[in-house]
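Listing of protein.txt; format and content: compact mmCIF, C-alpha atoms.
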```txt
# COMPACT_ATOMS: atom_id res chain seq x y z
CA GLU A 823 106.78 -21.33 -139.65
CA GLN A 824 107.30 -24.31 -137.34
CA ALA A 825 105.73 -26.76 -139.78
CA LEU A 826 107.80 -25.44 -142.68
CA THR A 827 111.00 -25.48 -140.65
CA LYS A 828 110.34 -29.12 -139.81
CA ALA A 829 109.50 -29.89 -143.45
CA TRP A 830 112.78 -28.31 -144.56
CA GLN A 831 114.72 -30.32 -141.99
CA MET A 832 113.08 -33.51 -143.23
CA ASN A 833 113.61 -32.75 -146.92
CA SER A 834 115.63 -29.77 -148.09
CA ASN A 835 115.10 -30.60 -151.76
CA GLN A 836 111.65 -29.02 -152.09
CA ALA A 837 111.69 -25.58 -153.66
CA GLU A 838 108.07 -25.06 -152.66
CA THR A 839 108.98 -25.30 -148.97
CA ALA A 840 111.55 -22.54 -149.43
CA TYR A 841 108.96 -20.47 -151.31
CA LEU A 842 106.43 -20.91 -148.53
CA MET A 843 109.04 -19.77 -146.01
CA MET A 844 109.48 -16.67 -148.17
CA ARG A 845 105.77 -16.01 -147.76
CA VAL A 846 106.14 -16.42 -144.00
CA GLU A 847 109.00 -13.91 -144.03
CA LEU A 848 106.89 -11.43 -146.00
CA GLY A 849 104.39 -11.53 -143.15
CA GLN A 850 106.90 -11.59 -140.31
CA GLY A 851 109.38 -9.05 -141.66
CA GLN A 852 112.40 -10.39 -139.78
CA GLY A 853 114.82 -9.08 -142.39
CA ARG A 854 116.05 -9.16 -145.93
CA ALA A 855 118.86 -11.60 -145.13
CA ARG A 856 116.29 -14.19 -144.06
CA MET A 857 114.24 -13.58 -147.20
CA GLU A 858 117.30 -13.90 -149.42
CA THR A 859 118.30 -17.16 -147.74
CA TRP A 860 114.96 -18.75 -148.60
CA PHE A 861 114.92 -17.19 -152.05
CA LYS A 862 118.36 -18.58 -152.87
CA ARG A 863 117.29 -21.99 -151.65
CA ALA A 864 114.17 -21.95 -153.82
CA MET A 865 116.02 -20.77 -156.93
CA SER A 866 118.92 -23.19 -156.50
CA LEU A 867 116.41 -26.05 -156.53
CA ALA A 868 114.19 -24.62 -159.28
CA PRO A 869 116.01 -21.96 -161.37
CA ASN A 870 112.85 -21.05 -163.31
CA TYR A 871 110.71 -20.51 -160.20
CA TYR A 872 108.78 -17.41 -161.27
CA ASP A 873 106.65 -17.27 -158.11
CA ALA A 874 109.75 -17.14 -155.90
CA ALA A 875 111.35 -14.41 -158.00
CA HIS A 876 108.09 -12.46 -158.13
CA LEU A 877 107.67 -12.69 -154.36
CA MET A 878 111.25 -11.51 -153.81
CA SER A 879 110.54 -8.53 -156.05
CA PHE A 880 107.32 -7.80 -154.17
CA TYR A 881 109.16 -8.03 -150.83
CA LEU A 882 111.64 -5.40 -152.05
CA GLU A 883 108.95 -2.91 -153.06
CA PRO A 884 108.47 0.22 -150.93
CA ARG A 885 105.07 -1.04 -149.75
CA TRP A 886 106.90 -3.78 -147.83
CA TYR A 887 110.56 -3.77 -146.85
CA GLY A 888 112.45 -2.07 -149.67
CA SER A 889 112.41 0.78 -152.13
CA ASP A 890 111.85 1.40 -155.82
CA SER A 891 115.58 1.22 -156.46
CA GLN A 892 116.06 -2.04 -154.53
CA ALA A 893 113.12 -3.68 -156.27
CA LEU A 894 114.23 -2.47 -159.71
CA GLU A 895 117.78 -3.65 -159.11
CA PHE A 896 116.42 -7.08 -158.31
CA GLY A 897 114.03 -7.02 -161.29
CA ARG A 898 116.90 -6.16 -163.61
CA SER A 899 118.91 -9.04 -162.16
CA CYS A 900 116.07 -11.35 -163.19
CA VAL A 901 116.61 -10.24 -166.77
CA ALA A 902 120.41 -10.34 -166.60
CA SER A 903 120.66 -13.76 -164.96
CA THR A 904 122.11 -16.60 -167.00
CA ASN A 905 120.88 -19.12 -164.41
CA TRP A 906 117.19 -18.27 -164.31
CA GLY A 907 114.77 -18.85 -167.15
CA GLY A 908 111.13 -19.57 -167.81
CA GLN A 909 109.02 -16.55 -166.93
CA VAL A 910 111.56 -15.12 -164.47
CA PRO A 911 112.62 -12.29 -166.86
CA LEU A 912 109.02 -11.05 -166.78
CA VAL A 913 109.45 -10.13 -163.11
CA LEU A 914 110.86 -6.77 -164.21
CA VAL A 915 107.90 -5.80 -166.39
CA GLN A 916 105.45 -7.00 -163.72
CA LEU A 917 107.37 -4.92 -161.19
CA ARG A 918 106.98 -1.83 -163.39
CA HIS A 919 103.21 -2.38 -163.37
CA SER A 920 103.18 -2.93 -159.62
CA LEU A 921 105.22 0.21 -158.90
CA ALA A 922 103.03 2.28 -161.22
CA ASN A 923 99.93 1.10 -159.36
CA TYR A 924 101.54 1.60 -155.96
CA HIS A 925 102.58 5.17 -156.77
CA GLN A 926 99.31 5.77 -158.65
CA THR A 927 101.25 6.82 -161.73
CA THR A 928 99.53 4.71 -164.36
CA ASN A 929 99.49 7.63 -166.78
CA ALA A 930 101.43 8.17 -169.98
CA ALA A 931 104.06 10.33 -168.25
CA TYR A 932 105.25 7.29 -166.29
CA TRP A 933 105.13 4.81 -169.15
CA HIS A 934 106.88 7.19 -171.56
CA ARG A 935 109.97 7.50 -169.36
CA PRO A 936 112.98 6.11 -171.26
CA GLN A 937 114.11 3.88 -168.36
CA VAL A 938 110.64 2.37 -168.05
CA TRP A 939 110.69 1.42 -171.73
CA ARG A 940 114.23 0.00 -171.43
CA ASP A 941 113.06 -2.19 -168.54
CA VAL A 942 109.90 -3.30 -170.33
CA LYS A 943 111.74 -4.06 -173.56
CA SER A 944 114.61 -5.92 -171.90
CA SER A 945 112.19 -8.01 -169.87
CA TYR A 946 110.19 -9.17 -172.88
CA GLU A 947 113.18 -9.56 -175.19
CA LYS A 948 114.96 -11.82 -172.71
CA PHE A 949 111.76 -13.77 -172.08
CA PHE A 950 111.16 -14.37 -175.79
CA ALA A 951 114.81 -15.28 -176.36
CA LEU A 952 114.35 -18.03 -173.77
CA ASN A 953 110.76 -18.91 -174.75
CA PRO A 954 110.35 -18.26 -178.49
CA ASP A 955 107.09 -20.23 -178.69
CA ALA A 956 105.35 -18.35 -175.87
CA ALA A 957 103.04 -16.51 -178.28
CA GLY A 958 100.45 -15.83 -175.59
CA TRP A 959 102.70 -13.14 -174.09
CA ARG A 960 102.83 -11.19 -177.38
CA HIS A 961 99.59 -9.42 -176.43
CA ASP A 962 101.21 -8.20 -173.21
CA TYR A 963 104.30 -6.98 -175.02
CA ALA A 964 102.19 -5.22 -177.65
CA LYS A 965 100.03 -3.47 -175.03
CA ASP A 966 103.01 -2.42 -172.96
CA ALA A 967 104.85 -1.15 -176.05
CA TYR A 968 101.79 0.88 -177.00
CA ASP A 969 101.51 2.33 -173.48
CA CYS A 970 105.23 3.17 -173.54
CA GLY A 971 104.81 5.15 -176.77
CA GLN A 972 106.54 2.59 -178.97
CA PRO A 973 104.19 2.26 -181.97
CA ALA A 974 106.63 0.35 -184.18
CA VAL A 975 107.13 -2.34 -181.54
CA PHE A 976 103.38 -2.46 -180.93
CA LEU A 977 102.70 -3.05 -184.63
CA GLN A 978 105.49 -5.62 -184.86
CA GLN A 979 104.10 -7.59 -181.93
CA THR A 980 100.55 -7.58 -183.30
CA LYS A 981 101.85 -9.45 -186.33
CA LEU A 982 103.14 -12.20 -184.04
CA PHE A 983 99.80 -13.10 -182.43
CA ALA A 984 99.84 -16.80 -183.26
CA PHE A 985 96.25 -17.51 -182.25
CA GLY A 986 94.51 -14.36 -183.46
CA THR A 987 93.84 -11.20 -181.52
CA ASN A 988 92.25 -11.29 -178.09
CA TYR A 989 90.26 -8.10 -178.52
CA VAL A 990 88.98 -8.16 -174.95
CA PHE A 991 92.59 -7.82 -173.75
CA PHE A 992 92.80 -4.49 -175.60
CA GLY A 993 89.41 -3.20 -174.48
CA GLY A 994 87.40 -4.51 -177.43
CA LYS A 995 87.80 -4.76 -181.18
CA GLU A 996 87.03 -1.09 -181.81
CA ASN A 997 89.63 0.02 -179.27
CA PHE A 998 92.23 -2.33 -180.73
CA GLU A 999 91.57 -1.05 -184.26
CA GLU A 1000 91.90 2.52 -182.99
CA MET A 1001 95.24 1.60 -181.40
CA LEU A 1002 96.39 0.12 -184.72
CA LYS A 1003 95.33 3.28 -186.55
CA LYS A 1004 97.11 5.61 -184.12
CA ALA A 1005 100.27 3.49 -184.14
CA ALA A 1006 100.34 3.42 -187.95
CA GLN A 1007 100.00 7.23 -188.06
CA GLN A 1008 102.93 7.69 -185.70
```

What is this file in structure tokens?
Amino acid sequence: EQALTKAWQMNSNQAETAYLMMRVELGQGQGRARMETWFKRAMSLAPNYYDAAHLMSFYLEPRWYGSDSQALEFGRSCVASTNWGGQVPLVLVQLRHSLANYHQTTNAAYWHRPQVWRDVKSSYEKFFALNPDAAGWRHDYAKDAYDCGQPAVFLQQTKLFAFGTNYVFFGGKENFEEMLKKAAQQ
């Protein structure tokens, strides 16, 4: 903390210093106001700073200093923001995965909840609106759509794999083909 405070005093134009202070706050737990101060500093210097936004989301999870609702509110703000770009809109979908793991609700009942799908969809749609050439994330969107019970979106995304299908990502070629078959039947 002392070294980072001195670094910030010497040069307050380094977003990474603010991010590192966020990590210190995660460990120290001195309060949300302190975390938000460093987060705002990081994002004002680097508006597409995914790591800072992701860490803020993590800080707000119930495993640390917040709650599901606080973390989700923040995650949704990452999608709604007109100032942040890059991968920042993906914070919401990553948060959904983190909360599912934390609450040990990685089953279909969780992923089929309408609000979960709305969050997943809005996260990816905003991300792709800002990053139309980010084809590598299409696999993630397809898998999440499948898990959320959205076969049409799954099939649509599989057609957008620019570099072929990464079968390992889907549990192997046979598993992927089974997913395609099930989605087509639905």

If you count only C-alpha atoms, which residues fall within 8 Å of range 939-947 of chain A, apart from same-chain ones fewer than 2 positions away, as a compact mmCIF listing (two decimals) with C-alpha atoms, in the frame of the given file?
```txt
# COMPACT_ATOMS: atom_id res chain seq x y z
CA ARG A 898 116.90 -6.16 -163.61
CA VAL A 901 116.61 -10.24 -166.77
CA PRO A 911 112.62 -12.29 -166.86
CA LEU A 912 109.02 -11.05 -166.78
CA VAL A 913 109.45 -10.13 -163.11
CA LEU A 914 110.86 -6.77 -164.21
CA VAL A 915 107.90 -5.80 -166.39
CA ARG A 918 106.98 -1.83 -163.39
CA TRP A 933 105.13 4.81 -169.15
CA HIS A 934 106.88 7.19 -171.56
CA ARG A 935 109.97 7.50 -169.36
CA PRO A 936 112.98 6.11 -171.26
CA GLN A 937 114.11 3.88 -168.36
CA PHE A 949 111.76 -13.77 -172.08
CA PHE A 950 111.16 -14.37 -175.79
CA ALA A 951 114.81 -15.28 -176.36
CA TYR A 963 104.30 -6.98 -175.02
CA ASP A 966 103.01 -2.42 -172.96
CA ALA A 967 104.85 -1.15 -176.05
CA CYS A 970 105.23 3.17 -173.54
```

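Coordinates place CA of Thr904 in chain A at a distance of 28.5 Å from CA of Thr980 in chain A.
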
Open item on the list: From the options A:Ala875, A:Ala956, A:Met844, A:Met832, which residue's atoms come nearest to Gly897 in chain A, counting all atoms listed in the file?
Closed with: A:Ala875

TODO: Find the distance between CA of Leu977 in chain A and CA of Ala1005 in chain A and write it in Å to one decimal.
DONE: 7.0 Å

Might I get the box with edges along x, y and z of the file that holds all atoms of range 953-956 of chain A listed there, padded by 4 Å on every side, given as centre and edge lengths in Å to one decimal, as AutoDock Vina command-line options?
```
--center_x 108.1 --center_y -19.2 --center_z -176.7 --size_x 13.4 --size_y 10.0 --size_z 11.9
```

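Nearest residue to Pro869 in chain A among A:Gln1008, A:Asn997, A:Gln909, A:Thr827 is A:Gln909, counting only C-alpha atoms.
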
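The shell of residues at most 12 Å from Asn835 in chain A, with only C-alpha atoms counted and near chain neighbours (fewer than 6 positions) removed, consists of Ala829, Tyr841, Arg863, Ala864, Met865, Ser866, Leu867 and Ala868 of chain A.
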
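Considering only C-alpha atoms, the residue among A:Ala874, A:Met843, A:Ala964, A:Leu921 positioned nearest to Ala893 in chain A is A:Leu921.
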
TODO: Give me, please, the distance in Å between CA of Gly994 in chain A and CA of His919 in chain A, quoted to one decimal.
DONE: 21.3 Å

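Checking A:Val990, A:Ala902, A:Leu848, A:Leu1002 one by one against Met878 in chain A, counting only C-alpha atoms, you find the shortest gap at A:Leu848.
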
Task: Neighbour list for Gly958 in chain A as a PyMOL selection string, cut-off 9 Å, all atoms listed in the file, skip fewer than 6 positions in-chain - done: chain A and resi 983-985

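Considering all atoms listed in the file, the residue among A:Ser920, A:Asp962, A:Asn988, A:Lys1004 positioned nearest to Arg885 in chain A is A:Ser920.
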
Open item on the list: Considering only C-alpha atoms, can you say which of A:Gln836, A:Tyr924, A:Lys981, A:Thr987 comes closest to Pro884 in chain A?
Closed with: A:Tyr924

TODO: For Leu952 in chain A, work out the shell of residues within 7 Å, counting only C-alpha atoms and skipping chain neighbours fewer than 3 positions away, then give it as a ChimeraX atom specification.
DONE: /A:907-908,948-949
